[in-house]
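J.: File name work_14.cif; file contents mmCIF, C-alpha atoms; full text below.
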data_coords
loop_
_atom_site.label_atom_id
_atom_site.label_comp_id
_atom_site.auth_asym_id
_atom_site.auth_seq_id
_atom_site.Cartn_x
_atom_site.Cartn_y
_atom_site.Cartn_z
CA MET A 237 -11.42 -19.24 25.51
CA SER A 238 -12.73 -20.53 22.27
CA LYS A 239 -16.39 -20.12 21.52
CA ALA A 240 -18.52 -23.03 20.38
CA ASN A 241 -19.68 -23.51 16.80
CA LEU A 242 -17.07 -21.26 15.26
CA LEU A 243 -14.93 -22.31 12.31
CA ASP A 244 -11.42 -23.72 12.61
CA ARG A 245 -8.93 -21.27 11.08
CA ARG A 246 -6.75 -23.93 9.48
CA GLN A 247 -9.77 -25.61 7.87
CA VAL A 248 -10.93 -22.24 6.56
CA VAL A 249 -7.57 -21.35 5.01
CA SER A 250 -7.11 -24.87 3.62
CA ALA A 251 -10.49 -24.56 1.92
CA LEU A 252 -9.68 -21.09 0.57
CA LEU A 253 -6.45 -22.39 -1.01
CA ALA A 254 -7.44 -26.00 -1.79
CA ASP A 255 -7.96 -25.40 -5.52
CA ARG A 256 -5.92 -22.21 -5.79
CA LYS A 257 -4.63 -22.60 -9.37
CA ASP A 258 -2.91 -19.28 -10.16
CA VAL A 259 -3.97 -17.37 -7.05
CA VAL A 260 -1.44 -15.10 -5.38
CA ALA A 261 -2.10 -15.29 -1.64
CA ILE A 262 -1.04 -12.59 0.83
CA GLY A 263 -1.04 -13.30 4.54
CA GLY A 264 -1.37 -10.69 7.24
CA LEU A 265 1.07 -10.12 10.07
CA GLY A 266 0.30 -12.78 12.65
CA ALA A 267 -1.39 -16.12 12.61
CA SER A 268 -2.91 -15.82 9.14
CA THR A 269 0.56 -16.04 7.58
CA ASN A 270 1.12 -19.26 9.55
CA ASP A 271 -2.24 -20.58 8.39
CA ILE A 272 -1.28 -20.02 4.76
CA THR A 273 1.99 -21.85 5.38
CA ALA A 274 0.14 -24.72 7.03
CA ALA A 275 -1.95 -25.09 3.89
CA GLY A 276 1.30 -25.62 1.97
CA ASP A 277 4.26 -23.44 1.06
CA HIS A 278 3.83 -22.02 -2.44
CA ALA A 279 5.78 -19.80 -4.80
CA ARG A 280 2.84 -17.41 -4.91
CA ASN A 281 2.54 -16.95 -1.16
CA PHE A 282 3.37 -13.52 0.23
CA TYR A 283 4.16 -13.87 3.92
CA LEU A 284 3.95 -10.68 5.98
CA TRP A 285 6.09 -10.59 9.12
CA GLY A 286 5.96 -6.84 9.66
CA GLY A 287 4.29 -3.71 8.36
CA MET A 288 1.11 -4.46 10.28
CA GLY A 289 -1.92 -3.07 8.49
CA GLY A 290 -0.36 -3.33 5.05
CA ALA A 291 -1.71 -6.64 3.73
CA ALA A 292 -4.76 -5.27 1.91
CA MET A 293 -2.73 -2.53 0.23
CA ILE A 294 -0.07 -4.99 -0.92
CA GLY A 295 -2.98 -6.94 -2.37
CA LEU A 296 -4.33 -3.85 -4.12
CA GLY A 297 -0.97 -2.96 -5.68
CA LEU A 298 -0.54 -6.54 -6.90
CA ALA A 299 -4.10 -6.79 -8.18
CA LEU A 300 -3.78 -3.58 -10.19
CA ALA A 301 -0.45 -4.71 -11.64
CA GLN A 302 -1.82 -8.17 -12.58
CA PRO A 303 -5.50 -7.71 -13.47
CA LYS A 304 -5.74 -11.22 -14.99
CA LEU A 305 -4.65 -12.93 -11.77
CA PRO A 306 -6.82 -13.64 -8.75
CA VAL A 307 -5.27 -11.99 -5.69
CA LEU A 308 -6.44 -13.17 -2.27
CA VAL A 309 -5.53 -11.41 0.97
CA ILE A 310 -6.01 -13.58 4.05
CA THR A 311 -5.53 -11.60 7.21
CA GLY A 312 -6.75 -11.21 10.77
CA ASP A 313 -9.21 -8.81 12.35
CA GLY A 314 -6.49 -6.86 14.18
CA GLU A 315 -4.37 -6.42 11.06
CA MET A 316 -7.43 -5.37 9.03
CA LEU A 317 -8.50 -2.86 11.66
CA MET A 318 -5.06 -1.25 11.61
CA GLY A 319 -5.32 -0.70 7.85
CA ILE A 320 -9.04 0.00 7.84
CA GLY A 321 -8.73 3.01 5.54
CA SER A 322 -7.40 0.72 2.83
CA LEU A 323 -10.94 -0.65 2.44
CA ALA A 324 -12.01 2.83 1.32
CA THR A 325 -9.06 2.99 -1.09
CA ILE A 326 -9.97 -0.44 -2.50
CA GLY A 327 -13.64 0.52 -2.71
CA LEU A 328 -12.64 3.48 -4.84
CA GLN A 329 -10.36 1.50 -7.20
CA LYS A 330 -12.66 -1.52 -7.42
CA PRO A 331 -10.09 -4.07 -8.66
CA SER A 332 -12.29 -6.91 -9.90
CA ASN A 333 -9.59 -9.54 -9.23
CA LEU A 334 -8.99 -8.73 -5.54
CA SER A 335 -10.55 -10.69 -2.67
CA ILE A 336 -10.02 -10.19 1.04
CA ALA A 337 -10.81 -12.79 3.67
CA VAL A 338 -10.54 -11.76 7.31
CA LEU A 339 -10.11 -14.50 9.90
CA ASP A 340 -12.00 -12.87 12.74
CA ASN A 341 -11.41 -14.38 16.17
CA GLU A 342 -12.24 -11.07 17.86
CA ALA A 343 -8.85 -11.08 19.55
CA TYR A 344 -5.16 -10.31 19.20
CA GLY A 345 -3.95 -13.88 19.43
CA GLU A 346 -0.24 -13.16 19.00
CA THR A 347 -0.04 -10.85 21.98
CA GLY A 348 -2.00 -12.70 24.61
CA GLY A 349 -5.55 -12.72 23.34
CA GLN A 350 -6.61 -9.16 24.13
CA ILE A 351 -10.04 -8.48 22.65
CA SER A 352 -10.28 -6.61 19.36
CA HIS A 353 -12.88 -4.05 18.33
CA THR A 354 -14.78 -6.71 16.38
CA SER A 355 -15.69 -8.48 19.63
CA ALA A 356 -18.24 -5.87 20.56
CA ALA A 357 -18.43 -2.86 18.27
CA ALA A 358 -16.80 -2.92 14.85
CA ASP A 359 -18.65 -4.67 12.02
CA LEU A 360 -16.03 -5.28 9.32
CA VAL A 361 -18.60 -6.47 6.77
CA GLY A 362 -20.59 -3.28 7.25
CA ILE A 363 -17.44 -1.17 6.99
CA ALA A 364 -16.31 -2.91 3.79
CA ARG A 365 -19.75 -2.53 2.23
CA ALA A 366 -19.97 1.10 3.25
CA CYS A 367 -16.54 1.66 1.67
CA GLY A 368 -17.92 0.57 -1.69
CA ILE A 369 -17.08 -3.15 -1.69
CA ALA A 370 -20.55 -4.36 -2.69
CA ASP A 371 -19.77 -8.08 -2.33
CA SER A 372 -19.09 -8.14 1.39
CA ARG A 373 -20.07 -11.30 3.22
CA ALA A 374 -20.33 -12.47 6.79
CA ILE A 375 -19.30 -16.12 6.83
CA SER A 376 -19.99 -18.65 9.56
CA THR A 377 -20.16 -22.00 7.72
CA MET A 378 -17.66 -24.04 5.71
CA ALA A 379 -20.13 -24.14 2.83
CA ASP A 380 -19.94 -20.36 2.64
CA VAL A 381 -16.12 -20.51 2.82
CA GLU A 382 -16.08 -22.92 -0.13
CA ALA A 383 -18.41 -20.68 -2.12
CA PHE A 384 -16.13 -17.72 -1.45
CA ALA A 385 -13.09 -19.77 -2.52
CA LYS A 386 -14.79 -20.39 -5.86
CA ALA A 387 -15.73 -16.72 -6.23
CA VAL A 388 -12.08 -15.69 -5.84
CA HIS A 389 -11.49 -17.07 -9.36
CA ASP A 390 -14.22 -14.93 -10.92
CA LEU A 391 -12.17 -11.99 -12.15
CA SER A 392 -15.17 -10.00 -13.31
CA ALA A 393 -17.09 -9.57 -10.08
CA GLY A 394 -14.71 -8.29 -7.43
CA PRO A 395 -13.55 -6.72 -5.29
CA ARG A 396 -15.02 -8.94 -2.64
CA PHE A 397 -14.68 -9.12 1.12
CA ALA A 398 -15.45 -11.89 3.58
CA ASN A 399 -15.38 -11.77 7.34
CA VAL A 400 -15.05 -15.32 8.63
CA LYS A 401 -15.82 -15.88 12.29
CA ILE A 402 -13.26 -18.35 13.58
CA ASP A 403 -12.55 -20.11 16.82
CA SER A 404 -10.06 -18.27 19.02
CA ALA A 405 -8.19 -21.42 20.02
CA SER A 406 -4.43 -21.25 19.58
CA VAL A 407 -2.97 -23.63 17.05
CA GLU A 408 0.54 -24.83 16.36
CA ARG A 409 2.79 -22.22 14.79
CA ILE A 410 3.97 -23.23 11.34
CA LEU A 411 6.45 -20.61 10.23
CA PRO A 412 7.36 -19.75 6.65
CA SER A 413 10.51 -18.03 5.43
CA ARG A 414 11.26 -14.66 7.07
CA ASP A 415 13.39 -13.49 4.14
CA GLY A 416 11.25 -10.80 2.50
CA THR A 417 13.44 -10.39 -0.57
CA TYR A 418 13.28 -14.11 -1.20
CA ILE A 419 9.50 -14.13 -0.78
CA VAL A 420 8.95 -11.26 -3.21
CA ASN A 421 11.47 -12.46 -5.79
CA ARG A 422 10.03 -15.96 -5.70
CA ILE A 423 6.60 -14.58 -6.59
CA ARG A 424 8.08 -12.32 -9.27
CA GLY A 425 9.98 -15.24 -10.73
CA ASP A 426 6.84 -17.37 -10.81
CA LEU A 427 5.05 -14.54 -12.64
CA GLY A 428 7.84 -14.49 -15.22
CA PHE A 429 9.85 -11.46 -14.10
CA GLN A 430 13.62 -11.63 -14.25
CA PRO A 431 15.87 -10.30 -11.48
CA ILE A 432 17.05 -6.76 -12.13
CA MET B 147 -10.17 30.45 2.54
CA HIS B 148 -6.73 30.42 1.13
CA ALA B 149 -5.11 31.27 -2.15
CA ARG B 150 -1.81 30.15 -3.49
CA ALA B 151 1.06 32.46 -4.22
CA ASP B 152 1.37 30.92 -7.66
CA ALA B 153 -1.89 31.82 -9.37
CA SER B 154 -3.11 29.58 -12.17
CA ASP B 155 -2.04 32.01 -14.90
CA THR B 156 1.52 31.66 -13.66
CA ALA B 157 1.28 27.92 -12.95
CA PRO B 158 4.79 26.42 -12.82
CA ASN B 159 6.08 24.01 -15.43
CA TRP B 160 8.17 21.84 -13.13
CA PRO B 161 5.30 19.39 -12.50
CA ASP B 162 5.34 18.74 -16.26
CA ASP B 163 9.04 17.94 -16.02
CA ILE B 164 8.31 15.47 -13.22
CA PHE B 165 5.50 13.87 -15.22
CA ALA B 166 7.75 13.46 -18.25
CA THR B 167 10.43 11.73 -16.18
CA LEU B 168 7.92 9.38 -14.56
CA GLN B 169 6.57 8.52 -17.99
CA ARG B 170 10.03 7.79 -19.32
CA PHE B 171 10.70 5.42 -16.42
CA ASP B 172 7.45 3.56 -17.12
CA VAL B 173 5.87 4.42 -13.78
CA ARG B 174 2.38 2.92 -13.66
CA GLN B 175 0.91 3.31 -10.17
CA VAL B 176 0.82 6.73 -8.54
CA PRO B 177 -0.65 6.67 -5.03
CA TYR B 178 -1.18 10.09 -3.51
CA VAL B 179 -2.74 11.99 -0.68
CA PRO B 180 -4.36 15.14 -2.08
CA ASP B 181 -1.96 18.05 -1.77
CA ALA B 182 -1.92 21.56 -3.22
CA GLY B 183 1.77 21.42 -4.10
CA HIS B 184 1.24 18.27 -6.17
CA SER B 185 -2.10 19.36 -7.66
CA LYS B 186 -0.85 19.92 -11.21
CA LEU B 187 1.10 16.65 -11.26
CA ILE B 188 -1.94 14.80 -9.88
CA GLN B 189 -4.06 16.27 -12.68
CA ARG B 190 -1.54 15.08 -15.26
CA VAL B 191 -1.48 11.58 -13.73
CA LEU B 192 -5.28 11.31 -13.59
CA ALA B 193 -5.47 12.33 -17.26
CA SER B 194 -2.78 9.84 -18.28
CA SER B 195 -3.59 6.63 -20.15
CA THR B 196 -0.57 4.77 -18.79
CA MET B 197 -0.49 5.86 -15.15
CA ARG B 198 -3.11 5.17 -12.53
CA GLY B 199 -3.59 7.80 -9.85
CA ILE B 200 -4.69 6.16 -6.59
CA PRO B 201 -6.00 8.40 -3.81
CA LEU B 202 -5.12 7.14 -0.33
CA THR B 203 -6.67 7.73 3.06
CA THR B 204 -3.19 7.87 4.64
CA GLU B 205 0.30 7.91 3.20
CA GLU B 206 1.42 4.60 4.70
CA GLU B 207 -1.08 2.84 2.43
CA GLY B 208 1.06 3.97 -0.49
CA VAL B 209 4.15 2.16 0.78
CA GLY B 210 2.28 -1.15 0.95
CA LEU B 211 0.71 -0.49 -2.44
CA LEU B 212 4.09 0.03 -4.08
CA ALA B 213 5.40 -3.20 -2.53
CA GLY B 214 2.48 -5.05 -4.11
CA ALA B 215 2.88 -3.25 -7.41
CA TRP B 216 6.54 -4.29 -7.65
CA THR B 217 5.69 -7.88 -6.74
CA GLY B 218 3.26 -7.79 -9.66
CA GLY B 219 5.81 -6.26 -12.00
CA GLN B 220 4.96 -2.55 -11.98
CA ARG B 221 6.78 0.55 -10.84
CA GLY B 222 5.13 3.26 -8.79
CA VAL B 223 5.81 6.55 -7.08
CA LEU B 224 4.27 7.92 -3.88
CA LEU B 225 3.23 11.58 -3.85
CA MET B 226 2.85 13.22 -0.47
CA GLN B 227 3.46 16.28 1.64
CA SER B 228 6.05 16.51 4.40
CA SER B 229 3.35 16.18 7.06
CA GLY B 230 2.47 12.76 5.65
CA VAL B 231 5.96 11.33 5.99
CA GLY B 232 5.41 10.76 9.69
CA ASN B 233 2.40 8.60 8.89
CA CYS B 234 4.64 6.16 7.01
CA VAL B 235 7.36 5.31 9.48
CA ASN B 236 6.52 1.70 10.35
CA MET B 237 5.52 0.85 6.78
CA LEU B 238 8.86 2.18 5.49
CA SER B 239 10.42 -0.90 7.14
CA LEU B 240 9.04 -2.95 4.24
CA ILE B 241 11.41 -1.26 1.80
CA PRO B 242 14.76 -2.76 2.90
CA ILE B 243 13.12 -6.05 3.89
CA LEU B 244 11.34 -6.63 0.57
CA ARG B 245 13.97 -4.68 -1.42
CA PHE B 246 11.57 -3.07 -3.84
CA PRO B 247 12.22 0.16 -5.73
CA PHE B 248 10.83 3.07 -3.74
CA LEU B 249 10.54 6.62 -4.99
CA THR B 250 8.56 9.32 -3.23
CA LEU B 251 8.13 12.96 -4.14
CA VAL B 252 7.46 15.15 -1.14
CA THR B 253 6.23 18.73 -1.26
CA MET B 254 7.66 20.57 1.72
CA ARG B 255 5.85 22.60 4.32
CA GLY B 256 7.25 24.08 7.48
CA GLU B 257 10.13 25.96 5.84
CA TRP B 258 10.83 29.02 3.64
CA GLY B 259 8.19 31.53 4.63
CA GLU B 260 5.81 29.12 6.37
CA PHE B 261 2.96 30.91 8.13
CA ASN B 262 1.57 27.92 10.04
CA PRO B 263 3.59 26.84 13.09
CA TRP B 264 1.83 23.46 13.14
CA GLN B 265 3.65 22.50 9.92
CA VAL B 266 7.10 23.26 11.26
CA PRO B 267 7.85 20.24 13.51
CA MET B 268 7.23 17.61 10.81
CA GLY B 269 8.72 19.76 8.06
CA SER B 270 11.86 20.17 10.14
CA THR B 271 12.31 16.44 10.67
CA THR B 272 11.23 15.12 7.26
CA GLN B 273 14.75 14.63 5.94
CA GLY B 274 15.96 13.07 9.20
CA VAL B 275 13.03 10.66 9.32
CA PHE B 276 13.81 9.45 5.82
CA GLU B 277 17.51 9.11 6.51
CA LEU B 278 16.91 7.19 9.73
CA SER B 279 14.64 4.90 7.72
CA GLY B 280 17.38 4.12 5.20
CA ILE B 281 16.05 6.30 2.40
CA LYS B 282 18.32 8.61 0.40
CA VAL B 283 17.18 12.20 0.20
CA LEU B 284 17.58 14.55 -2.75
CA ARG B 285 16.24 18.10 -2.84
CA ALA B 286 15.06 20.48 -5.55
CA SER B 287 14.96 24.12 -4.52
CA ASN B 288 14.31 25.79 -7.86
CA ALA B 289 12.52 24.89 -11.06
CA THR B 290 15.61 24.64 -13.22
CA GLU B 291 17.08 21.78 -11.19
CA VAL B 292 13.91 19.68 -11.08
CA PRO B 293 14.59 17.68 -14.27
CA ALA B 294 18.12 16.66 -13.24
CA VAL B 295 17.10 15.82 -9.67
CA LEU B 296 14.14 13.73 -10.86
CA GLU B 297 16.29 11.91 -13.39
CA ALA B 298 18.87 11.05 -10.75
CA ALA B 299 16.25 10.01 -8.21
CA ALA B 300 14.31 7.78 -10.62
CA ALA B 301 17.49 6.20 -11.96
CA GLN B 302 18.84 5.24 -8.56
CA ALA B 303 15.45 4.13 -7.24
CA TYR B 304 14.41 1.97 -10.17
CA ASN B 305 17.78 0.87 -11.57
CA ALA B 306 19.82 0.56 -8.39
CA LEU B 307 17.01 -0.34 -5.95
CA THR B 308 18.13 2.58 -3.80
CA PRO B 309 15.08 3.97 -2.02
CA THR B 310 14.92 7.69 -2.65
CA ALA B 311 12.87 10.67 -1.53
CA VAL B 312 12.87 13.92 -3.45
CA LEU B 313 12.03 16.93 -1.30
CA LEU B 314 10.41 19.64 -3.39
CA SER B 315 11.24 22.66 -1.28
CA GLN B 316 8.69 25.21 -0.22
CA ARG B 317 10.84 27.79 -2.00
CA LEU B 318 10.14 25.95 -5.25
CA ILE B 319 6.43 25.47 -4.62
CA GLY B 320 5.71 28.88 -3.12
CA ALA B 321 4.62 29.39 0.46
CA LYS B 322 0.91 29.06 1.03
CA VAL B 323 -0.77 32.34 1.93
CA PHE B 324 -4.14 32.88 3.57
CA THR B 325 -6.53 35.65 2.58
CA LYS B 326 -9.84 36.62 4.11
#
Represent the structure from my file as structure tokens, please.
T.:
Amino acid sequence: MSKANLLDRRQVVSALLADRKDVVAIGGLGASTNDITAAGDHARNFYLWGGMGGAAMIGLGLALAQPKLPVLVITGDGEMLMGIGSLATIGLQKPSNLSIAVLDNEAYGETGGQISHTSAAADLVGIARACGIADSRAISTMADVEAFAKAVHDLSAGPRFANVKIDSASVERILPSRDGTYIVNRIRGDLGFQPI
Amino acid sequence: MHARADASDTAPNWPDDIFATLQRFDVRQVPYVPDAGHSKLIQRVLASSTMRGIPLTTEEEGVGLLAGAWTGGQRGVLLMQSSGVGNCVNMLSLIPILRFPFLTLVTMRGEWGEFNPWQVPMGSTTQGVFELSGIKVLRASNATEVPAVLEAAAAQAYNALTPTAVLLSQRLIGAKVFTK
């Protein structure tokens, strides 16, 4: 069941990527990757179809390698919980160009809607802040989403974390490429790297 | 309390050989889980101006990190102990899928004079876990072969995109001993 007055995930992701410029966007395993695709396929989209829990660390490795580029991880609450220690690793490295947005529907939507820890106990904003990510926000309005989307481009003030409470309604699946080598090499090519 | 068999006044030089090879291959990101066997190499990395040592909370984080690093144009190497290899298994699936260069250097426990039975199960299956995951395994058992093994491993990992693990044997490192 979807709760009232919660944000629509597709609207949130569309707003996060509406004026993306040179942002590299990394989706988490599950619906967030579909949401990024729905906002428009892009050479700088990193779609995760496996390796659950790895999205934030892929973002960290990319952000450290490309400190002049905004890197935005958009993932779900279940995927973030699985890689929760990576928030401590990011808090220690403090990459100023890395942003993480969690689409928190308090449920594992891909597997039948079982509740996640965020539905009753786990406070991801508190965890991120306690891991050393000072700019950690709880977001419940589109105005706050749009402000976060702007902040992603400020390369001097990250890392930043946002937990966006979204509606748990299921939406149409819009699937990107499943070819990981293609996905990675397309990003590398767009960043100016030649094939080996 | 524990002390190591190799006291600091007889600290081995093979970690310096590893560091030199990593430098030559332009390795930039070095994720690690703190480990006595890698302590000298970790010190060298943290003192380096070209490499970034990145402490992890669990080894699987390092696999994701290296995928991101490669996507952004940098090479990396994951430092861990044999007991950490089991923490990586699902994340190792990213390596053939994304086809990024993967090199890991693993200090071995659970072999050659091990005193702690709890280290033996994972130490005994480390090589098999890697091989089942599609990762080539090379081993260095004494200090003199470290440079050649590292050179071969780095070359095939970075030049031939052949994921490679180097097992640094407990015989090389020296078995951990406990004292009261």
J.: Go through B:Val323, B:Leu211, B:Pro158, B:Arg245 and flag the residue nearest B:Asn262, using all atoms listed in the file for the distances.
T.: B:Val323
J.: Quick check, in Å to one decimal: how far apart do atom CA of B:Phe165 and atom CA of B:Ala193 lie?
T.: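 A separation of 11.3 Å between them.
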J.: Here's the selection I'm unsure about, the PyMOL selection byres ((chain A and resi 353-361) around 8); applied to the file above, which residues does it give, as a PyMOL selection string?
T.: chain A and resi 313+340+342-343+351-352+362-365+372-374+397-399
J.: I need the residue set behind the PyMOL selection byres ((chain B and resi 169-184) around 9) for this file; please write it as a ChimeraX atom specification.
T.: /A:297,300-301 /B:150,161,164-168,185-189,191,196-205,207-209,211-212,215,220-227,230,251-254,300-301,304,314,316,319-320
J.: Since I can't run it myself right now, could you work out what the PyMOL selection byres ((chain A and resi 278) around 12) selects here and report it as an MDAnalysis selection string?
T.: chainID A and resid 253:254 256:262 272:277 279:283 412:413 419:420 422:423 426
J.: Considering only C-alpha atoms, give me a table of residues in chain A that are at most 10 Å from chain B, with the closest atom pair and distance in Å for each, as a tab-separated table.
T.:
residue	atom	partner	partner_atom	distance
A:Val260	CA	B:Gly218	CA	9.7
A:Ile262	CA	B:Gly214	CA	9.7
A:Phe282	CA	B:Thr217	CA	9.3
A:Leu284	CA	B:Leu240	CA	9.4
A:Trp285	CA	B:Leu240	CA	9.5
A:Gly286	CA	B:Leu240	CA	7.3
A:Gly287	CA	B:Met237	CA	5.0
A:Met288	CA	B:Met237	CA	7.7
A:Gly289	CA	B:Glu207	CA	8.5
A:Gly290	CA	B:Gly210	CA	5.3
A:Ala291	CA	B:Gly210	CA	7.3
A:Ala292	CA	B:Gly210	CA	8.2
A:Met293	CA	B:Leu211	CA	4.8
A:Ile294	CA	B:Gly214	CA	4.1
A:Gly295	CA	B:Gly214	CA	6.0
A:Leu296	CA	B:Leu211	CA	6.3
A:Gly297	CA	B:Ala215	CA	4.2
A:Leu298	CA	B:Gly214	CA	4.4
A:Ala299	CA	B:Gly218	CA	7.6
A:Leu300	CA	B:Ala215	CA	7.2
A:Ala301	CA	B:Gly218	CA	5.2
A:Gln302	CA	B:Gly218	CA	5.9
A:Pro303	CA	B:Gly218	CA	9.6
A:Leu305	CA	B:Gly218	CA	9.7
A:Gly319	CA	B:Glu207	CA	7.7
A:Ile320	CA	B:Thr203	CA	9.4
A:Gly321	CA	B:Thr203	CA	5.7
A:Ser322	CA	B:Glu207	CA	6.7
A:Leu323	CA	B:Thr203	CA	9.4
A:Ala324	CA	B:Thr203	CA	7.5
A:Thr325	CA	B:Leu202	CA	5.8
A:Ile326	CA	B:Leu202	CA	9.3
A:Leu328	CA	B:Pro201	CA	8.3
A:Gln329	CA	B:Ile200	CA	7.4
A:Arg414	CA	B:Ile243	CA	9.4
A:Asp415	CA	B:Ile243	CA	7.4
A:Gly416	CA	B:Leu244	CA	4.6
A:Thr417	CA	B:Leu244	CA	4.5
A:Tyr418	CA	B:Leu244	CA	7.9
A:Ile419	CA	B:Leu244	CA	7.8
A:Val420	CA	B:Thr217	CA	5.9
A:Asn421	CA	B:Thr217	CA	7.4
A:Arg422	CA	B:Thr217	CA	9.2
A:Ile423	CA	B:Thr217	CA	6.8
A:Arg424	CA	B:Thr217	CA	5.6
A:Gly425	CA	B:Thr217	CA	9.4
A:Leu427	CA	B:Gly218	CA	7.6
A:Gly428	CA	B:Gly219	CA	9.1
A:Phe429	CA	B:Gly219	CA	6.9
A:Gln430	CA	B:Gly219	CA	9.7
A:Ile432	CA	B:Asn305	CA	7.7
J.: Nearest to B:Thr271 among B:Val292, B:Glu257, B:Thr308, B:Lys322, with distances taken over all atoms listed in the file: which residue is it?
T.: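 Counting all atoms listed in the file, the residue closest to B:Thr271 is B:Glu257.
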J.: Identify, on the basis of only C-alpha atoms, every residue whose closest approach to stretch 383-388 of chain A does not exceed 10 Å; exclude the query and any residue fewer than 2 positions from it along the same chain; express the result as a PyMOL selection string.
T.: chain A and resi 248-256+259+305-308+332-337+373+375+378-381+390-398
J.: Assuming 4 Å of padding per side, give the centre and edge lengths of the axis-aligned box around every listed atom of stretch 249-259 of chain A, in Å to one decimal and as JSON.
T.:
{"center_x": -6.7, "center_y": -21.7, "center_z": -2.6, "size_x": 15.6, "size_y": 16.6, "size_z": 23.2}
J.: Find the spatial neighbours of stretch 285-287 of chain B, counting all atoms listed in the file, within a cut-off of 8 Å - ignore same-chain residues fewer than 3 positions away - and output them as a PDB file with C-alpha atoms, keeping the file's coordinate frame.
T.:
ATOM      1  CA  GLU B 291      17.080  21.780 -11.190  1.00  0.00           C
ATOM      2  CA  VAL B 292      13.910  19.680 -11.080  1.00  0.00           C
ATOM      3  CA  VAL B 295      17.100  15.820  -9.670  1.00  0.00           C
ATOM      4  CA  VAL B 312      12.870  13.920  -3.450  1.00  0.00           C
ATOM      5  CA  LEU B 313      12.030  16.930  -1.300  1.00  0.00           C
ATOM      6  CA  LEU B 314      10.410  19.640  -3.390  1.00  0.00           C
ATOM      7  CA  SER B 315      11.240  22.660  -1.280  1.00  0.00           C
ATOM      8  CA  GLN B 316       8.690  25.210  -0.220  1.00  0.00           C
ATOM      9  CA  ARG B 317      10.840  27.790  -2.000  1.00  0.00           C
ATOM     10  CA  LEU B 318      10.140  25.950  -5.250  1.00  0.00           C
TER      11      LEU B 318
END
J.: With distances taken over only C-alpha atoms, which residue among A:Gly348, A:Pro331, A:Val400, A:Ile369 lies nearest A:Ile310?
T.: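 With only C-alpha atoms as the atom set, the closest residue is A:Val400.
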J.: What is the distance, in Å and to one decimal place, between atom CA of B:Trp160 and atom CA of B:Gly269?
T.: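 It comes out at 21.3 Å.
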J.: Expressed in Å to a single decimal, how great is the separation between atom CA of B:Leu192 and atom CA of B:Val231?
T.: 22.6 Å
